[in-house]
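File shown: input23.txt. Contents: compact mmCIF, C-alpha atoms and all ligand atoms.
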```txt
# COMPACT_ATOMS: atom_id res chain seq x y z
CA MET Q 6 48.33 154.80 108.69
CA THR Q 7 49.25 151.39 107.30
CA ALA Q 8 52.93 150.87 106.66
CA ARG Q 9 53.71 151.68 103.07
CA PHE Q 10 57.35 150.78 103.48
CA PRO Q 11 59.13 147.59 104.43
CA VAL Q 12 59.38 147.07 108.18
CA ALA Q 13 62.11 144.54 107.77
CA ARG Q 14 65.14 146.04 106.09
CA PRO Q 15 68.00 143.55 105.86
CA ARG Q 16 70.00 146.29 104.14
CA ARG Q 17 70.44 148.06 107.50
CA LEU Q 18 73.04 145.55 108.57
CA ARG Q 19 74.90 145.96 105.30
CA SER Q 20 75.30 149.69 105.46
CA THR Q 21 78.86 150.04 106.80
CA PRO Q 22 81.98 147.88 106.73
CA ALA Q 23 81.91 147.78 110.54
CA LEU Q 24 78.34 146.48 110.64
CA ARG Q 25 79.07 143.92 107.97
CA ARG Q 26 82.11 142.77 109.89
CA LEU Q 27 80.13 142.54 113.10
CA VAL Q 28 77.42 140.32 111.66
CA ALA Q 29 79.56 138.17 109.37
CA GLU Q 30 78.64 134.51 109.87
CA THR Q 31 81.79 133.13 108.36
CA ARG Q 32 85.41 134.07 108.64
CA VAL Q 33 88.52 132.69 107.09
CA ARG Q 34 91.60 132.72 109.28
CA PRO Q 35 95.15 132.18 108.06
CA ALA Q 36 95.35 129.21 110.42
CA ASP Q 37 92.54 127.50 108.47
CA LEU Q 38 94.71 127.32 105.37
CA ILE Q 39 96.98 124.50 104.25
CA LEU Q 40 99.58 125.13 101.56
CA PRO Q 41 100.35 122.27 99.13
CA LEU Q 42 104.03 122.29 98.07
CA PHE Q 43 105.91 120.29 95.45
CA VAL Q 44 109.53 119.32 95.95
CA LYS Q 45 111.44 117.83 93.05
CA GLU Q 46 114.56 115.74 93.23
CA GLY Q 47 117.67 116.67 91.28
CA ILE Q 48 116.86 120.19 90.09
CA GLU Q 49 119.16 123.18 90.58
CA ALA Q 50 116.51 125.91 90.60
CA PRO Q 51 112.76 126.07 91.20
CA ASN Q 52 110.86 124.94 88.15
CA PRO Q 53 107.72 126.94 87.28
CA VAL Q 54 104.54 124.96 86.62
CA SER Q 55 103.24 126.56 83.43
CA SER Q 56 99.59 125.68 83.97
CA MET Q 57 99.70 127.10 87.52
CA PRO Q 58 101.26 130.57 87.29
CA GLY Q 59 102.99 131.34 90.59
CA VAL Q 60 103.39 127.68 91.59
CA VAL Q 61 106.76 125.95 91.27
CA GLN Q 62 108.36 122.60 91.78
CA HIS Q 63 110.76 123.41 94.59
CA THR Q 64 114.35 122.49 95.26
CA ARG Q 65 115.01 121.48 98.85
CA GLU Q 66 116.34 124.97 99.51
CA SER Q 67 113.49 126.89 97.89
CA LEU Q 68 111.03 124.63 99.71
CA ARG Q 69 112.48 125.68 103.05
CA LYS Q 70 112.11 129.31 102.07
CA ALA Q 71 108.49 128.87 100.94
CA ALA Q 72 107.71 127.03 104.17
CA HIS Q 73 109.18 129.87 106.23
CA GLU Q 74 107.10 132.39 104.34
CA ALA Q 75 103.97 130.36 105.05
CA VAL Q 76 104.82 130.28 108.76
CA GLU Q 77 105.41 134.04 108.74
CA ALA Q 78 102.02 134.60 107.14
CA GLY Q 79 100.31 132.44 109.78
CA VAL Q 80 99.32 129.56 107.49
CA GLY Q 81 98.08 126.55 109.46
CA GLY Q 82 99.67 123.66 107.62
CA LEU Q 83 101.83 122.42 104.76
CA MET Q 84 101.00 119.49 102.48
CA LEU Q 85 104.09 118.08 100.83
CA PHE Q 86 104.22 116.30 97.47
CA GLY Q 87 107.43 114.70 96.21
CA VAL Q 88 108.52 114.37 92.61
CA PRO Q 89 111.32 111.78 92.38
CA GLU Q 90 113.98 111.62 89.70
CA VAL Q 91 113.47 107.93 89.05
CA LYS Q 92 110.14 106.12 88.87
CA ASP Q 93 109.47 102.41 88.73
CA GLU Q 94 106.56 99.97 88.69
CA ARG Q 95 106.20 99.88 92.46
CA GLY Q 96 107.03 103.49 93.26
CA SER Q 97 110.12 102.57 95.27
CA ALA Q 98 111.12 106.19 95.92
CA ALA Q 99 107.95 106.78 97.92
CA ASP Q 100 109.13 104.89 101.01
CA ASP Q 101 112.88 105.14 100.48
CA PRO Q 102 114.32 106.82 103.62
CA ALA Q 103 116.60 108.72 101.23
CA GLY Q 104 113.69 109.63 98.93
CA ILE Q 105 112.97 113.27 98.18
CA VAL Q 106 109.90 113.59 100.40
CA GLN Q 107 111.63 112.02 103.37
CA LYS Q 108 114.61 114.36 102.94
CA ALA Q 109 112.35 117.37 102.63
CA LEU Q 110 110.32 116.30 105.67
CA ARG Q 111 113.51 116.12 107.73
CA ASP Q 112 114.45 119.61 106.52
CA LEU Q 113 111.06 121.03 107.38
CA SER Q 114 110.68 119.38 110.74
CA SER Q 115 114.11 120.54 111.87
CA ASP Q 116 113.51 124.08 110.52
CA LEU Q 117 109.95 124.59 111.65
CA GLY Q 118 109.32 122.36 114.64
CA ASP Q 119 105.79 123.02 115.88
CA ASP Q 120 105.31 126.40 114.18
CA ILE Q 121 103.11 124.85 111.50
CA VAL Q 122 101.57 121.42 110.92
CA ILE Q 123 103.68 119.36 108.55
CA MET Q 124 101.67 116.99 106.40
CA ALA Q 125 102.50 114.79 103.44
CA ASP Q 126 100.40 113.40 100.65
CA LEU Q 127 100.54 109.63 100.77
CA CYS Q 128 100.07 108.08 97.35
CA LEU Q 129 101.98 106.33 94.60
CA ASP Q 130 101.07 108.19 91.42
CA GLU Q 131 104.03 110.60 91.58
CA TYR Q 132 106.37 107.63 92.09
CA THR Q 133 105.17 104.94 89.69
CA SER Q 134 106.33 104.69 86.08
CA HIS Q 135 102.74 103.97 85.00
CA GLY Q 136 101.33 106.91 87.00
CA HIS Q 137 98.59 104.98 88.78
CA CYS Q 138 97.95 105.38 92.49
CA GLY Q 139 98.62 101.72 93.21
CA LEU Q 140 100.43 98.58 92.13
CA LEU Q 141 99.22 96.91 88.97
CA THR Q 142 98.20 93.31 88.38
CA PRO Q 143 99.74 91.62 85.31
CA SER Q 144 96.64 92.61 83.34
CA GLY Q 145 97.04 96.28 84.27
CA ALA Q 146 94.31 96.66 86.90
CA VAL Q 147 95.07 98.49 90.14
CA ASP Q 148 95.57 95.87 92.84
CA ASN Q 149 93.84 97.20 95.95
CA ASP Q 150 95.26 94.94 98.64
CA ALA Q 151 98.83 94.78 97.37
CA THR Q 152 98.77 98.58 97.27
CA LEU Q 153 97.78 98.75 100.93
CA GLU Q 154 101.10 97.21 101.92
CA ARG Q 155 102.93 99.90 99.97
CA TYR Q 156 100.87 102.65 101.62
CA ALA Q 157 101.61 101.20 105.07
CA SER Q 158 105.31 101.29 104.33
CA ILE Q 159 105.18 104.86 102.98
CA ALA Q 160 103.35 106.01 106.10
CA VAL Q 161 106.08 104.60 108.33
CA ALA Q 162 108.82 106.16 106.18
CA GLN Q 163 107.13 109.57 106.33
CA ALA Q 164 106.60 109.26 110.08
CA ALA Q 165 110.25 108.37 110.60
CA ALA Q 166 111.13 111.53 108.66
CA GLY Q 167 109.06 113.72 110.95
CA VAL Q 168 105.63 114.07 109.35
CA GLN Q 169 102.86 114.98 111.79
CA VAL Q 170 99.90 114.14 109.56
CA VAL Q 171 99.80 111.68 106.66
CA ALA Q 172 97.20 112.24 103.98
CA PRO Q 173 96.35 109.12 101.97
CA SER Q 174 94.91 110.17 98.62
CA GLY Q 175 94.85 106.96 96.60
CA MET Q 176 91.22 105.92 97.24
CA MET Q 177 92.09 102.27 97.88
CA ASP Q 178 89.57 100.47 100.07
CA GLY Q 179 90.91 99.92 103.57
CA GLN Q 180 93.82 102.34 103.19
CA VAL Q 181 93.19 104.20 106.43
CA ALA Q 182 93.04 100.99 108.49
CA ALA Q 183 96.21 99.66 106.89
CA ILE Q 184 98.07 102.90 107.54
CA ARG Q 185 96.82 103.25 111.11
CA ALA Q 186 97.88 99.71 111.95
CA ALA Q 187 101.33 100.20 110.43
CA LEU Q 188 101.92 103.50 112.20
CA ASP Q 189 100.83 102.07 115.54
CA ARG Q 190 102.95 98.95 115.11
CA ALA Q 191 105.97 101.14 114.42
CA GLY Q 192 105.28 103.25 117.50
CA TYR Q 193 103.96 106.33 115.67
CA THR Q 194 100.70 106.45 117.57
CA ASP Q 195 100.66 110.26 117.52
CA VAL Q 196 100.96 110.64 113.77
CA ALA Q 197 97.49 111.66 112.60
CA ILE Q 198 95.64 110.69 109.43
CA LEU Q 199 93.90 113.23 107.22
CA ALA Q 200 92.01 110.99 104.83
CA TYR Q 201 91.20 112.17 101.34
CA ALA Q 202 87.93 110.42 102.10
CA ALA Q 203 85.69 111.74 99.35
CA LYS Q 204 87.83 112.15 96.29
CA TYR Q 205 86.31 112.41 92.87
CA ALA Q 206 87.69 111.41 89.46
CA SER Q 207 87.93 115.03 88.40
CA ALA Q 208 89.15 116.93 85.36
CA PHE Q 209 90.00 119.75 87.76
CA TYR Q 210 93.23 117.89 88.63
CA GLY Q 211 94.62 118.64 85.14
CA PRO Q 212 97.35 121.15 86.09
CA PHE Q 213 98.42 119.05 89.10
CA ARG Q 214 99.53 116.35 86.71
CA GLU Q 215 102.13 118.77 85.37
CA ALA Q 216 103.14 119.90 88.87
CA ALA Q 217 103.50 116.40 90.31
CA GLU Q 218 104.31 114.60 87.05
CA GLY Q 219 101.82 111.90 87.94
CA ALA Q 220 99.56 111.55 84.91
CA PRO Q 221 98.45 107.95 84.32
CA GLN Q 222 100.31 106.54 81.31
CA PHE Q 223 97.23 104.56 80.28
CA GLY Q 224 93.60 104.58 81.33
CA ASP Q 225 92.29 106.91 84.00
CA ARG Q 226 91.39 106.89 87.71
CA THR Q 227 87.66 106.22 87.37
CA GLY Q 228 88.14 102.69 88.74
CA TYR Q 229 89.15 104.03 92.15
CA GLN Q 230 88.15 107.70 92.43
CA GLN Q 231 84.48 108.58 92.80
CA ASP Q 232 81.95 109.35 90.12
CA PRO Q 233 81.00 113.07 90.14
CA ALA Q 234 77.37 111.96 89.92
CA ASN Q 235 77.39 110.68 93.52
CA ALA Q 236 77.03 112.53 96.79
CA LEU Q 237 75.68 109.88 99.18
CA GLU Q 238 78.62 107.71 98.30
CA SER Q 239 80.83 110.33 99.90
CA LEU Q 240 79.03 109.89 103.21
CA ARG Q 241 79.78 106.19 103.02
CA GLU Q 242 83.44 106.79 102.19
CA VAL Q 243 83.76 109.25 105.06
CA GLU Q 244 82.01 106.92 107.50
CA LEU Q 245 84.33 104.06 106.57
CA ASP Q 246 87.45 106.20 106.89
CA ILE Q 247 86.45 107.46 110.32
CA ALA Q 248 85.69 103.91 111.44
CA GLU Q 249 89.15 102.90 110.18
CA GLY Q 250 90.80 105.61 112.26
CA ALA Q 251 90.86 108.82 110.22
CA ASP Q 252 91.39 111.84 112.48
CA MET Q 253 90.28 114.32 109.82
CA VAL Q 254 88.56 113.88 106.48
CA MET Q 255 88.78 115.77 103.22
CA VAL Q 256 86.51 116.42 100.27
CA LYS Q 257 88.20 116.99 96.93
CA PRO Q 258 87.86 118.94 94.68
CA GLY Q 259 86.09 121.69 96.57
CA LEU Q 260 84.35 124.35 94.56
CA ALA Q 261 82.32 122.06 92.33
CA TYR Q 262 81.58 119.83 95.33
CA LEU Q 263 80.52 122.28 98.03
CA ASP Q 264 77.25 120.37 98.37
CA VAL Q 265 79.31 117.34 99.36
CA VAL Q 266 81.38 119.43 101.79
CA ALA Q 267 78.15 120.64 103.42
CA LYS Q 268 76.66 117.15 103.67
CA VAL Q 269 79.83 115.71 105.16
CA ALA Q 270 80.28 118.61 107.58
CA GLU Q 271 76.76 118.08 108.88
CA SER Q 272 77.18 114.36 109.36
CA VAL Q 273 80.50 113.91 111.16
CA TYR Q 274 82.29 115.18 114.24
CA VAL Q 275 85.85 115.21 112.97
CA PRO Q 276 87.39 118.23 111.23
CA VAL Q 277 86.36 118.39 107.58
CA SER Q 278 88.84 119.82 105.08
CA ALA Q 279 88.38 120.64 101.43
CA TYR Q 280 90.93 120.96 98.64
CA GLN Q 281 90.87 123.92 96.29
CA VAL Q 282 92.56 121.96 93.53
CA SER Q 283 94.92 122.88 90.72
CA GLY Q 284 92.20 123.40 88.12
CA GLU Q 285 90.36 125.87 90.34
CA TYR Q 286 93.60 127.79 90.81
CA ALA Q 287 94.37 127.72 87.08
CA MET Q 288 90.92 128.97 86.07
CA VAL Q 289 91.11 132.01 88.31
CA GLU Q 290 94.72 132.81 87.38
CA ALA Q 291 93.95 132.54 83.67
CA ALA Q 292 90.89 134.76 83.90
CA ALA Q 293 92.77 137.28 86.03
CA GLN Q 294 95.65 137.40 83.55
CA ASN Q 295 93.14 138.39 80.92
CA GLY Q 296 91.73 141.08 83.16
CA TRP Q 297 88.40 139.28 83.34
CA LEU Q 298 88.22 138.83 87.12
CA ASP Q 299 89.35 140.70 90.21
CA ARG Q 300 91.78 138.03 91.34
CA ASP Q 301 92.15 138.87 95.03
CA ARG Q 302 88.43 139.28 95.56
CA VAL Q 303 87.72 135.99 93.83
CA ILE Q 304 90.31 134.22 95.97
CA LEU Q 305 88.78 135.50 99.20
CA GLU Q 306 85.24 134.86 97.97
CA THR Q 307 85.97 131.24 97.12
CA LEU Q 308 87.71 130.66 100.46
CA THR Q 309 84.72 132.17 102.24
CA ALA Q 310 82.41 129.88 100.28
CA TYR Q 311 84.40 126.84 101.38
CA ARG Q 312 84.12 127.90 105.01
CA ARG Q 313 80.42 128.71 104.64
CA ALA Q 314 79.82 125.22 103.25
CA GLY Q 315 81.40 123.78 106.38
CA ALA Q 316 85.07 123.20 105.57
CA ARG Q 317 87.23 123.85 108.63
CA GLN Q 318 90.53 123.68 106.74
CA ILE Q 319 91.13 124.60 103.13
CA LEU Q 320 94.03 123.34 101.06
CA THR Q 321 94.89 126.08 98.61
CA TYR Q 322 97.86 127.03 96.47
CA TRP Q 323 97.09 130.63 97.47
CA ALA Q 324 97.49 129.90 101.19
CA THR Q 325 100.43 132.20 101.90
CA GLU Q 326 99.09 135.02 99.78
CA ALA Q 327 95.55 134.67 101.10
CA ALA Q 328 96.86 134.60 104.68
CA ARG Q 329 98.57 137.93 104.01
CA LEU Q 330 95.41 139.38 102.48
CA LEU Q 331 93.45 138.25 105.53
CA ARG Q 332 95.73 139.93 108.06
C1 LIG Z 1 97.12 112.01 94.09
C2 LIG Z 1 96.67 113.43 94.14
C3 LIG Z 1 96.14 114.20 93.10
C4 LIG Z 1 95.89 115.47 93.63
C5 LIG Z 1 96.28 115.44 94.96
N1 LIG Z 1 96.74 114.16 95.26
C6 LIG Z 1 95.96 113.85 91.67
C7 LIG Z 1 95.01 112.79 91.27
O1 LIG Z 1 94.34 112.18 92.09
O2 LIG Z 1 94.91 112.53 90.09
C8 LIG Z 1 95.32 116.62 92.87
C9 LIG Z 1 95.50 117.97 93.50
C10 LIG Z 1 95.22 119.11 92.59
O3 LIG Z 1 94.69 118.96 91.48
O4 LIG Z 1 95.51 120.24 93.01
N2 LIG Z 1 98.39 111.84 94.67
```
Transcribe the structure of this file into structure tokens.
Amino acid sequence: MTARFPVARPRRLRSTPALRRLVAETRVRPADLILPLFVKEGIEAPNPVSSMPGVVQHTRESLRKAAHEAVEAGVGGLMLFGVPEVKDERGSAADDPAGIVQKALRDLSSDLGDDIVIMADLCLDEYTSHGHCGLLTPSGAVDNDATLERYASIAVAQAAAGVQVVAPSGMMDGQVAAIRAALDRAGYTDVAILAYAAKYASAFYGPFREAAEGAPQFGDRTGYQQDPANALESLREVELDIAEGADMVMVKPGLAYLDVVAKVAESVYVPVSAYQVSGEYAMVEAAAQNGWLDRDRVILETLTAYRRAGARQILTYWATEAARLLR
């Protein structure tokens, strides 16, 4: 008798949780996750970020507590962002040894040692009065090469404060080379660089601008961040950053750019990270608050999608919580 029924039945391997677990192609581990944290100078208590329910601007003390919780949950890394009390044209607080990020880095490295990887965002937008990621020319354009000198100095200040990985996010040409040279000259040859290599000019950064207080006061970032229309350009950016000495590369944002994550992951041999940015977080939290989505399932599903696309590490504001869900 000829077979009247399907011979191949992919459903067989979906029939029990144990079978599904056994054949799962992708897994997310707590150690894959990196938690971005904001620390603000001069506040007495943590300051909630209204567009990111559950996320706060930390005091130095509350930052230490959040970092400990991340370690307890098995999170792989922390990415620190500083919000200074005083901003100026050149972002002086960014490389001030007494600046908020440097103080917080000293706290974290003495508290945590090697229990978690301590990273810091390396940029100027949180520190400049105009909110751009670099120094401005008299006519108001972002001056690429003058900015590189500032980035080099910030990298050395962060390294002196105990950072293990610096993460340049300003999208200036040549930033990785400038930072590598400065770190090496200062003797910090073991401080690694996680380059925000493919970073798009994205509306998904909206809530971050409240969290880090770094919205541009005029214009936008389309002159230095990438056009969402381009994917091949990301391969070029990544290739340049690796040639300049990047140890790891990042694609950002993530969810709307998983095609880029996949392309990059297939084309390079360094760890590829992706950033689940503030707008992705806000969308899910808002929908969940309305009862429109199953929040925890969506969190785990998106993290799985990042890993499936090829991201080895995922920066996510849910890192501690997701790590607990995964255990
Ligand atoms: C720049 C920086 C930004 C983010 C991380 N680093 C903002 C920007 O480029 O405009 C966004 C992160 C997020 O949206 O979660 N220092």
Ligand LIG 1 (chain Z) neighbours within 6 Å using all atoms listed in the file, as number ranges by chain: Q: 128, 130, 174, 210, 213, 282-283
Nearby residues (all atoms listed in the file) at most 7 Å from range 49-61 of chain Q, same-chain spacing under 6 positions excluded, as an NGL selection string: :Q and (67 or 212 or 215-216 or 286-287 or 290)
Report, in Å to a single decimal, how far apart CA of Phe223 in chain Q and CA of Pro89 in chain Q are.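 According to the coordinates, CA of Pro89 in chain Q and CA of Phe223 in chain Q are separated by 19.9 Å.
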Residues near range 97-101 of chain Q, anyone? I mean within 9 Å using only C-alpha atoms, not counting same-chain ones fewer than 4 positions away, as a PyMOL selection string. chain Q and resi 87+89-93+105-107+127-129+131-133+155-156+158-163
Export C-alpha atoms of the chosen residues as a PDB file, in the coordinates of the input?
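Final output, saved to selection.pdb:
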```
ATOM      1  CA  GLY Q  87     107.430 114.700  96.210  1.00  0.00           C
ATOM      2  CA  PRO Q  89     111.320 111.780  92.380  1.00  0.00           C
ATOM      3  CA  GLU Q  90     113.980 111.620  89.700  1.00  0.00           C
ATOM      4  CA  VAL Q  91     113.470 107.930  89.050  1.00  0.00           C
ATOM      5  CA  LYS Q  92     110.140 106.120  88.870  1.00  0.00           C
ATOM      6  CA  ASP Q  93     109.470 102.410  88.730  1.00  0.00           C
ATOM      7  CA  ILE Q 105     112.970 113.270  98.180  1.00  0.00           C
ATOM      8  CA  VAL Q 106     109.900 113.590 100.400  1.00  0.00           C
ATOM      9  CA  GLN Q 107     111.630 112.020 103.370  1.00  0.00           C
ATOM     10  CA  LEU Q 127     100.540 109.630 100.770  1.00  0.00           C
ATOM     11  CA  CYS Q 128     100.070 108.080  97.350  1.00  0.00           C
ATOM     12  CA  LEU Q 129     101.980 106.330  94.600  1.00  0.00           C
ATOM     13  CA  GLU Q 131     104.030 110.600  91.580  1.00  0.00           C
ATOM     14  CA  TYR Q 132     106.370 107.630  92.090  1.00  0.00           C
ATOM     15  CA  THR Q 133     105.170 104.940  89.690  1.00  0.00           C
ATOM     16  CA  ARG Q 155     102.930  99.900  99.970  1.00  0.00           C
ATOM     17  CA  TYR Q 156     100.870 102.650 101.620  1.00  0.00           C
ATOM     18  CA  SER Q 158     105.310 101.290 104.330  1.00  0.00           C
ATOM     19  CA  ILE Q 159     105.180 104.860 102.980  1.00  0.00           C
ATOM     20  CA  ALA Q 160     103.350 106.010 106.100  1.00  0.00           C
ATOM     21  CA  VAL Q 161     106.080 104.600 108.330  1.00  0.00           C
ATOM     22  CA  ALA Q 162     108.820 106.160 106.180  1.00  0.00           C
ATOM     23  CA  GLN Q 163     107.130 109.570 106.330  1.00  0.00           C
TER      24      GLN Q 163
END
```
Which residue is closest to Leu42 in chain Q? Choose from Q:Leu85, Q:Ala291, Q:Leu330, Q:Ala72 and count all atoms listed in the file.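 The shortest atom-to-atom distance to Leu42 in chain Q comes from Q:Leu85.
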What is the CA of His135 in chain Q-CA of Thr152 in chain Q distance in Å, reported with one decimal?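 Atom-to-atom, CA of His135 in chain Q to CA of Thr152 in chain Q, that is 14.0 Å.
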Between range 273-311 of chain Q and range 16-38 of chain Q, at 12 Å or less, what are the per-residue closest atom pairs and their distances in Å? Count only C-alpha atoms, order by chain and rising residue number, and return it as CSV.
```
residue,atom,partner,partner_atom,distance
Q:Pro276,CA,Q:Asp37,CA,11.0
Q:Val277,CA,Q:Asp37,CA,11.0
Q:Ser278,CA,Q:Asp37,CA,9.2
Q:Ala279,CA,Q:Leu38,CA,10.0
Q:Tyr280,CA,Q:Leu38,CA,10.0
Q:Gln281,CA,Q:Leu38,CA,10.4
Q:Ile304,CA,Q:Val33,CA,11.4
Q:Leu305,CA,Q:Val33,CA,8.4
Q:Glu306,CA,Q:Val33,CA,9.9
Q:Thr307,CA,Q:Val33,CA,10.4
Q:Leu308,CA,Q:Val33,CA,7.0
Q:Thr309,CA,Q:Val33,CA,6.2
Q:Ala310,CA,Q:Thr31,CA,8.7
Q:Tyr311,CA,Q:Val33,CA,9.2
```
Pairwise distance for CA of Ala103 in chain Q and CA of Arg190 in chain Q, rounded to one decimal in Å: 21.8 Å
For Ala151 in chain Q, which residue among Q:Ala109, Q:Ser115, Q:Arg95, Q:Ala191 is the nearest when counting all atoms listed in the file? Q:Arg95
List as number ranges by chain the protein and nucleic acid residues near Glu326 in chain Q, meaning an atom at most 10 Å away when all atoms listed in the file are counted, but skip any in the same chain fewer than 3 places from it. Q: 35, 74-75, 78, 80, 301, 304, 321-323, 329-331
For range 195-311 of chain Q against range 184-189 of chain Q, with a cut-off of 10 Å and counting only C-alpha atoms, what is the closest atom pair and its distance in Å to one decimal for every residue that makes the cut, ordered by chain and number, as a Markdown table?
```
| residue | atom | partner | partner_atom | distance |
| --- | --- | --- | --- | --- |
| Q:Asp195 | CA | Q:Asp189 | CA | 8.4 |
| Q:Val196 | CA | Q:Leu188 | CA | 7.4 |
| Q:Ala197 | CA | Q:Arg185 | CA | 8.6 |
| Q:Ile198 | CA | Q:Arg185 | CA | 7.7 |
| Q:Glu249 | CA | Q:Arg185 | CA | 7.7 |
| Q:Gly250 | CA | Q:Arg185 | CA | 6.6 |
| Q:Ala251 | CA | Q:Arg185 | CA | 8.2 |
```
Residue nearest Ala165 in chain Q - candidates Q:Leu110, Q:Lys204, Q:Ser134, Q:Glu218, atoms counted: all atoms listed in the file: Q:Leu110
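Residue nearest Ala182 in chain Q within the list Q:Val254, Q:Val12, Q:Leu153, Q:Ala146: Q:Leu153 [criterion: smallest interatomic distance, all atoms listed in the file].
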Could you name the residues that touch Met253 in chain Q at 10 Å or less, counting only C-alpha atoms, but leaving out those on the same chain fewer than 6 positions away, as number ranges by chain? Q: 170, 172, 197-202, 243, 246-247, 273-278, 318
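Among Q:Ile123, Q:Ala270, Q:Ala183, Q:Met288, the residue with the shortest atom-to-atom distance to Arg312 in chain Q, counting only C-alpha atoms, is Q:Ala270.
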